[in-house]
$ cat my_file05.pdb   # PDB, N, CA and C atoms
ATOM      1  N   MET T 203     -72.215  11.958  86.323
ATOM      2  CA  MET T 203     -72.175  11.453  87.688
ATOM      3  C   MET T 203     -72.253   9.941  87.675
ATOM      4  N   SER T 204     -71.890   9.359  88.786
ATOM      5  CA  SER T 204     -71.920   7.909  88.921
ATOM      6  C   SER T 204     -73.350   7.408  88.946
ATOM      7  N   GLU T 205     -73.561   6.240  88.390
ATOM      8  CA  GLU T 205     -74.877   5.615  88.430
ATOM      9  C   GLU T 205     -75.028   4.848  89.738
ATOM     10  N   SER T 206     -76.218   4.804  90.251
ATOM     11  CA  SER T 206     -76.487   4.098  91.496
ATOM     12  C   SER T 206     -76.877   2.652  91.212
ATOM     13  N   PRO T 207     -76.308   1.697  91.950
ATOM     14  CA  PRO T 207     -76.692   0.299  91.783
ATOM     15  C   PRO T 207     -77.959  -0.059  92.560
ATOM     16  N   LEU T 208     -78.566   0.920  93.203
ATOM     17  CA  LEU T 208     -79.738   0.676  94.040
ATOM     18  C   LEU T 208     -80.989   0.553  93.187
ATOM     19  N   GLY T 209     -81.934  -0.229  93.652
ATOM     20  CA  GLY T 209     -83.215  -0.355  92.957
ATOM     21  C   GLY T 209     -84.005   0.944  93.044
ATOM     22  N   ASP T 210     -84.933   1.110  92.116
ATOM     23  CA  ASP T 210     -85.717   2.349  92.054
ATOM     24  C   ASP T 210     -86.501   2.620  93.338
ATOM     25  N   GLU T 211     -87.083   1.583  93.902
ATOM     26  CA  GLU T 211     -87.894   1.759  95.118
ATOM     27  C   GLU T 211     -87.044   2.207  96.301
ATOM     28  N   LEU T 212     -85.899   1.546  96.501
ATOM     29  CA  LEU T 212     -85.000   1.919  97.596
ATOM     30  C   LEU T 212     -84.446   3.321  97.364
ATOM     31  N   LYS T 213     -84.046   3.605  96.145
ATOM     32  CA  LYS T 213     -83.497   4.922  95.833
ATOM     33  C   LYS T 213     -84.529   6.013  96.113
ATOM     34  N   ALA T 214     -85.779   5.804  95.722
ATOM     35  CA  ALA T 214     -86.836   6.788  95.966
ATOM     36  C   ALA T 214     -87.049   6.992  97.475
ATOM     37  N   ARG T 215     -87.029   5.909  98.243
ATOM     38  CA  ARG T 215     -87.197   6.030  99.702
ATOM     39  C   ARG T 215     -86.048   6.803 100.325
ATOM     40  N   LEU T 216     -84.818   6.500  99.880
ATOM     41  CA  LEU T 216     -83.648   7.182 100.428
ATOM     42  C   LEU T 216     -83.650   8.670 100.076
ATOM     43  N   LEU T 217     -84.033   9.006  98.854
ATOM     44  CA  LEU T 217     -84.113  10.414  98.466
ATOM     45  C   LEU T 217     -85.154  11.152  99.302
ATOM     46  N   ALA T 218     -86.277  10.495  99.574
ATOM     47  CA  ALA T 218     -87.313  11.105 100.422
ATOM     48  C   ALA T 218     -86.798  11.282 101.846
ATOM     49  N   ASP T 219     -86.098  10.286 102.369
ATOM     50  CA  ASP T 219     -85.539  10.373 103.721
ATOM     51  C   ASP T 219     -84.512  11.498 103.835
ATOM     52  N   ALA T 220     -83.797  11.776 102.758
ATOM     53  CA  ALA T 220     -82.728  12.767 102.777
ATOM     54  C   ALA T 220     -83.254  14.190 102.908
ATOM     55  N   ASP T 221     -84.521  14.410 102.582
ATOM     56  CA  ASP T 221     -85.088  15.757 102.711
ATOM     57  C   ASP T 221     -84.960  16.293 104.131
ATOM     58  N   ASN T 222     -85.036  15.427 105.112
ATOM     59  CA  ASN T 222     -84.976  15.829 106.514
ATOM     60  C   ASN T 222     -83.606  15.613 107.137
ATOM     61  N   LEU T 223     -82.629  15.268 106.328
ATOM     62  CA  LEU T 223     -81.291  14.938 106.823
ATOM     63  C   LEU T 223     -80.345  16.110 106.588
ATOM     64  N   GLU T 224     -79.691  16.555 107.634
ATOM     65  CA  GLU T 224     -78.676  17.604 107.508
ATOM     66  C   GLU T 224     -77.402  16.987 106.939
ATOM     67  N   PHE T 225     -76.596  17.807 106.250
ATOM     68  CA  PHE T 225     -75.350  17.258 105.741
ATOM     69  C   PHE T 225     -74.407  16.972 106.901
ATOM     70  N   ALA T 226     -73.663  15.883 106.777
ATOM     71  CA  ALA T 226     -72.746  15.459 107.831
ATOM     72  C   ALA T 226     -71.348  16.024 107.626
ATOM     73  N   PHE T 227     -70.977  16.235 106.370
ATOM     74  CA  PHE T 227     -69.637  16.693 106.034
ATOM     75  C   PHE T 227     -69.701  17.676 104.879
ATOM     76  N   LYS T 228     -68.735  18.591 104.838
ATOM     77  CA  LYS T 228     -68.484  19.434 103.676
ATOM     78  C   LYS T 228     -67.110  19.035 103.166
ATOM     79  N   ILE T 229     -67.001  18.806 101.855
ATOM     80  CA  ILE T 229     -65.693  18.432 101.327
ATOM     81  C   ILE T 229     -65.300  19.315 100.144
ATOM     82  N   ALA T 230     -64.013  19.573 100.103
ATOM     83  CA  ALA T 230     -63.396  20.312  99.007
ATOM     84  C   ALA T 230     -62.161  19.519  98.581
ATOM     85  N   ASP T 231     -61.455  20.019  97.603
ATOM     86  CA  ASP T 231     -60.221  19.361  97.169
ATOM     87  C   ASP T 231     -59.292  19.169  98.365
ATOM     88  N   GLY T 232     -58.712  18.007  98.466
ATOM     89  CA  GLY T 232     -57.769  17.716  99.537
ATOM     90  C   GLY T 232     -58.398  17.211 100.817
ATOM     91  N   ASP T 233     -59.713  17.207 100.903
ATOM     92  CA  ASP T 233     -60.387  16.777 102.134
ATOM     93  C   ASP T 233     -60.566  15.267 102.236
ATOM     94  N   LEU T 234     -60.410  14.538 101.137
ATOM     95  CA  LEU T 234     -60.670  13.098 101.147
ATOM     96  C   LEU T 234     -59.413  12.348 101.580
ATOM     97  N   THR T 235     -59.146  12.436 102.863
ATOM     98  CA  THR T 235     -57.960  11.846 103.491
ATOM     99  C   THR T 235     -58.352  10.587 104.250
ATOM    100  N   PRO T 236     -57.375   9.793 104.668
ATOM    101  CA  PRO T 236     -57.706   8.632 105.506
ATOM    102  C   PRO T 236     -58.490   9.019 106.764
ATOM    103  N   GLU T 237     -58.189  10.160 107.338
ATOM    104  CA  GLU T 237     -58.910  10.621 108.524
ATOM    105  C   GLU T 237     -60.376  10.902 108.199
ATOM    106  N   PHE T 238     -60.609  11.477 107.013
ATOM    107  CA  PHE T 238     -61.988  11.718 106.596
ATOM    108  C   PHE T 238     -62.748  10.401 106.500
ATOM    109  N   TYR T 239     -62.130   9.382 105.889
ATOM    110  CA  TYR T 239     -62.828   8.104 105.716
ATOM    111  C   TYR T 239     -63.066   7.396 107.046
ATOM    112  N   THR T 240     -62.233   7.651 108.037
ATOM    113  CA  THR T 240     -62.480   7.136 109.385
ATOM    114  C   THR T 240     -63.740   7.787 109.958
ATOM    115  N   ARG T 241     -63.864   9.107 109.758
ATOM    116  CA  ARG T 241     -65.058   9.813 110.232
ATOM    117  C   ARG T 241     -66.302   9.375 109.471
ATOM    118  N   LEU T 242     -66.166   9.139 108.169
ATOM    119  CA  LEU T 242     -67.300   8.670 107.369
ATOM    120  C   LEU T 242     -67.751   7.285 107.841
ATOM    121  N   ALA T 243     -66.799   6.401 108.128
ATOM    122  CA  ALA T 243     -67.141   5.058 108.625
ATOM    123  C   ALA T 243     -67.903   5.152 109.943
ATOM    124  N   LYS T 244     -67.503   6.068 110.811
ATOM    125  CA  LYS T 244     -68.220   6.261 112.083
ATOM    126  C   LYS T 244     -69.640   6.763 111.838
ATOM    127  N   ALA T 245     -69.796   7.643 110.852
ATOM    128  CA  ALA T 245     -71.140   8.131 110.523
ATOM    129  C   ALA T 245     -72.022   6.984 110.042
ATOM    130  N   PHE T 246     -71.447   6.069 109.243
ATOM    131  CA  PHE T 246     -72.220   4.924 108.754
ATOM    132  C   PHE T 246     -72.525   3.920 109.866
ATOM    133  N   GLN T 247     -71.810   3.950 110.966
ATOM    134  CA  GLN T 247     -72.151   3.093 112.099
ATOM    135  C   GLN T 247     -73.434   3.581 112.764
ATOM    136  N   GLU T 248     -73.700   4.885 112.662
ATOM    137  CA  GLU T 248     -74.872   5.479 113.299
ATOM    138  C   GLU T 248     -76.106   5.495 112.402
ATOM    139  N   ARG T 249     -75.885   5.598 111.090
ATOM    140  CA  ARG T 249     -77.021   5.667 110.153
ATOM    141  C   ARG T 249     -76.595   5.111 108.804
ATOM    142  N   ASP T 250     -77.560   4.744 108.003
ATOM    143  CA  ASP T 250     -77.239   4.128 106.710
ATOM    144  C   ASP T 250     -77.208   5.126 105.552
ATOM    145  N   LEU T 251     -77.670   6.357 105.788
ATOM    146  CA  LEU T 251     -77.698   7.382 104.750
ATOM    147  C   LEU T 251     -76.926   8.598 105.251
ATOM    148  N   VAL T 252     -75.943   9.031 104.465
ATOM    149  CA  VAL T 252     -75.110  10.171 104.849
ATOM    150  C   VAL T 252     -75.158  11.192 103.721
ATOM    151  N   ARG T 253     -75.339  12.432 104.110
ATOM    152  CA  ARG T 253     -75.405  13.547 103.158
ATOM    153  C   ARG T 253     -74.087  14.315 103.231
ATOM    154  N   VAL T 254     -73.411  14.442 102.082
ATOM    155  CA  VAL T 254     -72.101  15.095 102.021
ATOM    156  C   VAL T 254     -72.194  16.294 101.089
ATOM    157  N   ARG T 255     -71.908  17.478 101.615
ATOM    158  CA  ARG T 255     -71.934  18.697 100.802
ATOM    159  C   ARG T 255     -70.645  18.781  99.992
ATOM    160  N   LEU T 256     -70.799  18.909  98.674
ATOM    161  CA  LEU T 256     -69.657  19.019  97.767
ATOM    162  C   LEU T 256     -69.438  20.499  97.443
ATOM    163  N   LEU T 257     -68.274  21.011  97.811
ATOM    164  CA  LEU T 257     -67.990  22.418  97.600
ATOM    165  C   LEU T 257     -67.479  22.711  96.189
ATOM    166  N   ALA T 258     -67.060  21.691  95.463
ATOM    167  CA  ALA T 258     -66.609  21.877  94.088
ATOM    168  C   ALA T 258     -67.808  22.288  93.231
ATOM    169  N   THR T 259     -67.590  23.252  92.362
ATOM    170  CA  THR T 259     -68.693  23.712  91.522
ATOM    171  C   THR T 259     -68.672  23.076  90.131
ATOM    172  N   ALA T 260     -67.517  22.651  89.665
ATOM    173  CA  ALA T 260     -67.418  22.050  88.336
ATOM    174  C   ALA T 260     -67.950  20.626  88.376
ATOM    175  N   ARG T 261     -68.836  20.306  87.441
ATOM    176  CA  ARG T 261     -69.468  18.985  87.395
ATOM    177  C   ARG T 261     -68.445  17.843  87.345
ATOM    178  N   PRO T 262     -67.388  17.914  86.516
ATOM    179  CA  PRO T 262     -66.404  16.818  86.499
ATOM    180  C   PRO T 262     -65.703  16.633  87.847
ATOM    181  N   LYS T 263     -65.456  17.730  88.541
ATOM    182  CA  LYS T 263     -64.796  17.653  89.853
ATOM    183  C   LYS T 263     -65.732  16.990  90.863
ATOM    184  N   ARG T 264     -67.019  17.352  90.846
ATOM    185  CA  ARG T 264     -67.992  16.714  91.746
ATOM    186  C   ARG T 264     -68.094  15.223  91.450
ATOM    187  N   ALA T 265     -68.130  14.876  90.175
ATOM    188  CA  ALA T 265     -68.209  13.458  89.793
ATOM    189  C   ALA T 265     -66.984  12.704  90.297
ATOM    190  N   GLY T 266     -65.824  13.321  90.222
ATOM    191  CA  GLY T 266     -64.607  12.693  90.734
ATOM    192  C   GLY T 266     -64.677  12.470  92.234
ATOM    193  N   HIS T 267     -65.182  13.462  92.959
ATOM    194  CA  HIS T 267     -65.336  13.314  94.409
ATOM    195  C   HIS T 267     -66.297  12.180  94.738
ATOM    196  N   ILE T 268     -67.412  12.112  94.009
ATOM    197  CA  ILE T 268     -68.402  11.053  94.260
ATOM    198  C   ILE T 268     -67.786   9.681  94.004
ATOM    199  N   GLY T 269     -67.077   9.531  92.902
ATOM    200  CA  GLY T 269     -66.416   8.260  92.609
ATOM    201  C   GLY T 269     -65.449   7.853  93.704
ATOM    202  N   HIS T 270     -64.704   8.816  94.205
ATOM    203  CA  HIS T 270     -63.740   8.555  95.279
ATOM    204  C   HIS T 270     -64.459   8.162  96.564
ATOM    205  N   LEU T 271     -65.539   8.879  96.880
ATOM    206  CA  LEU T 271     -66.320   8.570  98.083
ATOM    207  C   LEU T 271     -66.877   7.154  98.037
ATOM    208  N   VAL T 272     -67.430   6.771  96.892
ATOM    209  CA  VAL T 272     -68.023   5.438  96.750
ATOM    210  C   VAL T 272     -66.955   4.361  96.877
ATOM    211  N   LYS T 273     -65.851   4.549  96.183
ATOM    212  CA  LYS T 273     -64.789   3.538  96.197
ATOM    213  C   LYS T 273     -64.153   3.387  97.571
ATOM    214  N   HIS T 274     -63.755   4.486  98.162
ATOM    215  CA  HIS T 274     -63.011   4.426  99.421
ATOM    216  C   HIS T 274     -63.913   4.451 100.654
ATOM    217  N   GLY T 275     -65.157   4.859 100.478
ATOM    218  CA  GLY T 275     -66.105   4.852 101.586
ATOM    219  C   GLY T 275     -66.926   3.582 101.642
ATOM    220  N   HIS T 276     -66.734   2.708 100.622
ATOM    221  CA  HIS T 276     -67.425   1.418 100.574
ATOM    222  C   HIS T 276     -68.933   1.590 100.736
ATOM    223  N   CYS T 277     -69.474   2.456  99.887
ATOM    224  CA  CYS T 277     -70.889   2.773  99.960
ATOM    225  C   CYS T 277     -71.439   2.936  98.546
ATOM    226  N   ALA T 278     -72.723   3.169  98.455
ATOM    227  CA  ALA T 278     -73.389   3.370  97.165
ATOM    228  C   ALA T 278     -73.805   4.829  97.049
ATOM    229  N   TYR T 279     -73.737   5.342  95.842
ATOM    230  CA  TYR T 279     -74.193   6.692  95.539
ATOM    231  C   TYR T 279     -75.689   6.633  95.241
ATOM    232  N   VAL T 280     -76.466   7.423  95.962
ATOM    233  CA  VAL T 280     -77.912   7.455  95.776
ATOM    234  C   VAL T 280     -78.290   8.510  94.742
ATOM    235  N   GLY T 281     -77.731   9.687  94.870
ATOM    236  CA  GLY T 281     -78.045  10.786  93.973
ATOM    237  C   GLY T 281     -77.659  12.107  94.612
ATOM    238  N   MET T 282     -78.015  13.186  93.931
ATOM    239  CA  MET T 282     -77.725  14.531  94.428
ATOM    240  C   MET T 282     -79.004  15.164  94.953
ATOM    241  N   LEU T 283     -78.873  15.926  96.000
ATOM    242  CA  LEU T 283     -79.956  16.740  96.539
ATOM    243  C   LEU T 283     -79.340  18.122  96.739
ATOM    244  N   GLU T 284     -79.671  19.022  95.842
ATOM    245  CA  GLU T 284     -79.045  20.336  95.782
ATOM    246  C   GLU T 284     -77.543  20.156  95.561
ATOM    247  N   ARG T 285     -76.701  20.635  96.479
ATOM    248  CA  ARG T 285     -75.240  20.494  96.327
ATOM    249  C   ARG T 285     -74.687  19.286  97.085
ATOM    250  N   ASP T 286     -75.567  18.446  97.574
ATOM    251  CA  ASP T 286     -75.157  17.353  98.449
ATOM    252  C   ASP T 286     -75.276  15.993  97.765
ATOM    253  N   ALA T 287     -74.230  15.190  97.938
ATOM    254  CA  ALA T 287     -74.257  13.806  97.468
ATOM    255  C   ALA T 287     -74.827  12.949  98.592
ATOM    256  N   LEU T 288     -75.706  12.041  98.218
ATOM    257  CA  LEU T 288     -76.291  11.126  99.193
ATOM    258  C   LEU T 288     -75.607   9.773  99.044
ATOM    259  N   LEU T 289     -75.086   9.275 100.153
ATOM    260  CA  LEU T 289     -74.351   8.011 100.172
ATOM    261  C   LEU T 289     -75.066   7.034 101.081
ATOM    262  N   TYR T 290     -75.091   5.773 100.675
ATOM    263  CA  TYR T 290     -75.845   4.757 101.402
ATOM    264  C   TYR T 290     -74.976   3.530 101.675
ATOM    265  N   ARG T 291     -75.017   3.095 102.904
ATOM    266  CA  ARG T 291     -74.449   1.807 103.294
ATOM    267  C   ARG T 291     -75.318   1.294 104.428
ATOM    268  N   PRO T 292     -75.963   0.133 104.222
ATOM    269  CA  PRO T 292     -76.843  -0.380 105.265
ATOM    270  C   PRO T 292     -76.099  -0.559 106.586
ATOM    271  N   LYS T 293     -76.765  -0.167 107.671
ATOM    272  CA  LYS T 293     -76.167  -0.373 108.992
ATOM    273  C   LYS T 293     -75.841  -1.851 109.144
ATOM    274  N   GLY T 294     -74.713  -2.120 109.729
ATOM    275  CA  GLY T 294     -74.295  -3.501 109.919
ATOM    276  C   GLY T 294     -73.474  -4.043 108.764
ATOM    277  N   ALA T 295     -73.470  -3.344 107.627
ATOM    278  CA  ALA T 295     -72.635  -3.781 106.508
ATOM    279  C   ALA T 295     -71.211  -3.356 106.804
ATOM    280  N   ALA T 296     -70.332  -4.299 106.840
ATOM    281  CA  ALA T 296     -68.936  -4.012 107.156
ATOM    282  C   ALA T 296     -68.259  -3.373 105.949
ATOM    283  N   ALA T 297     -67.438  -2.398 106.207
ATOM    284  CA  ALA T 297     -66.629  -1.783 105.149
ATOM    285  C   ALA T 297     -65.563  -2.778 104.721
ATOM    286  N   ALA T 298     -65.331  -2.862 103.437
ATOM    287  CA  ALA T 298     -64.280  -3.744 102.917
ATOM    288  C   ALA T 298     -62.934  -3.214 103.341
ATOM    289  N   LYS T 299     -62.040  -4.072 103.633
ATOM    290  CA  LYS T 299     -60.690  -3.679 104.017
ATOM    291  C   LYS T 299     -59.873  -3.480 102.755
ATOM    292  N   GLY T 300     -58.942  -2.508 102.823
ATOM    293  CA  GLY T 300     -58.031  -2.351 101.716
ATOM    294  C   GLY T 300     -57.929  -1.023 101.202
TER     295      GLY T 300
END

$ encode --input "my_file05.pdb" --output "structure tokens"
Amino acid sequence: MSESPLGDELKARLLADADNLEFAFKIADGDLTPEFYTRLAKAFQERDLVRVRLLATARPKRAGHIGHLVKHGHCAYVGMLERDALLYRPKGAAAAKG
């Protein structure tokens, strides 16, 4: 899986916060479309931590989805909580264009 660039203290706080957070999206192969990233950007406007349920069961496939989410969602990977990837982008941080 992808490594998180977040500090240990922030990562621990975000993982604790995620315990009470419902997943916002379920994704499978083919779901990572421009429309999905528009919805993800809207979710990050409302909160800085988003929980995404990964339906892929193979570890390499999940890692690929996480890499794609981080790159195209302009966010940081926090870690996994059960089958869910936790993604972080501070509120007010603008998504990079491109």

$ closest_residue --input "my_file05.pdb" --among "T:Lys263, T:Lys213, T:Arg253, T:Arg285" --to "Phe227 (chain T)" --atoms "all atoms listed in the file"
T:Arg253

$ select_by_dssp --input "my_file05.pdb" --residues "chain T" --states "helix (DSSP H, G or I)" --output "JSON, numbers by chain"
{"T": [210, 211, 212, 213, 214, 215, 216, 217, 218, 219, 220, 236, 237, 238, 239, 240, 241, 242, 243, 244, 245, 246, 247, 248, 261, 262, 263, 264, 265, 266, 267, 268, 269, 270, 271, 272, 273, 274, 275]}

$ resolve_selection --input "my_file05.pdb" --expression "the PyMOL selection byres (((chain T and resi 275 and name CA) around 12) and name CA)" --output "PyMOL selection string"
chain T and resi 234-246+252+254+267-274+276-279+289-291+295-300

$ atom_distance --input "my_file05.pdb" --atom1 "CA of Arg215 (chain T)" --atom2 "CA of Met282 (chain T)"
13.8 Å

$ atom_distance --input "my_file05.pdb" --atom1 "atom C of Leu212 (chain T)" --atom2 "atom N of Pro262 (chain T)"
24.9 Å

$ atom_distance --input "my_file05.pdb" --atom1 "CA of Gly209 (chain T)" --atom2 "atom N of Gly281 (chain T)"
11.6 Å

$ select_by_dssp --input "my_file05.pdb" --residues "region 215-265 of chain T" --states "strand (DSSP E or B)" --output "PyMOL selection string"
chain T and resi 227-229+251-256

$ write_last_selection --input "my_file05.pdb" --atoms "N, CA and C atoms" --output "compact mmCIF listing (two decimals), keeping the file's coordinate frame"
# COMPACT_ATOMS: atom_id res chain seq x y z
N PHE T 227 -70.98 16.24 106.37
CA PHE T 227 -69.64 16.69 106.03
C PHE T 227 -69.70 17.68 104.88
N LYS T 228 -68.74 18.59 104.84
CA LYS T 228 -68.48 19.43 103.68
C LYS T 228 -67.11 19.04 103.17
N ILE T 229 -67.00 18.81 101.86
CA ILE T 229 -65.69 18.43 101.33
C ILE T 229 -65.30 19.32 100.14
N LEU T 251 -77.67 6.36 105.79
CA LEU T 251 -77.70 7.38 104.75
C LEU T 251 -76.93 8.60 105.25
N VAL T 252 -75.94 9.03 104.46
CA VAL T 252 -75.11 10.17 104.85
C VAL T 252 -75.16 11.19 103.72
N ARG T 253 -75.34 12.43 104.11
CA ARG T 253 -75.40 13.55 103.16
C ARG T 253 -74.09 14.32 103.23
N VAL T 254 -73.41 14.44 102.08
CA VAL T 254 -72.10 15.10 102.02
C VAL T 254 -72.19 16.29 101.09
N ARG T 255 -71.91 17.48 101.62
CA ARG T 255 -71.93 18.70 100.80
C ARG T 255 -70.64 18.78 99.99
N LEU T 256 -70.80 18.91 98.67
CA LEU T 256 -69.66 19.02 97.77
C LEU T 256 -69.44 20.50 97.44
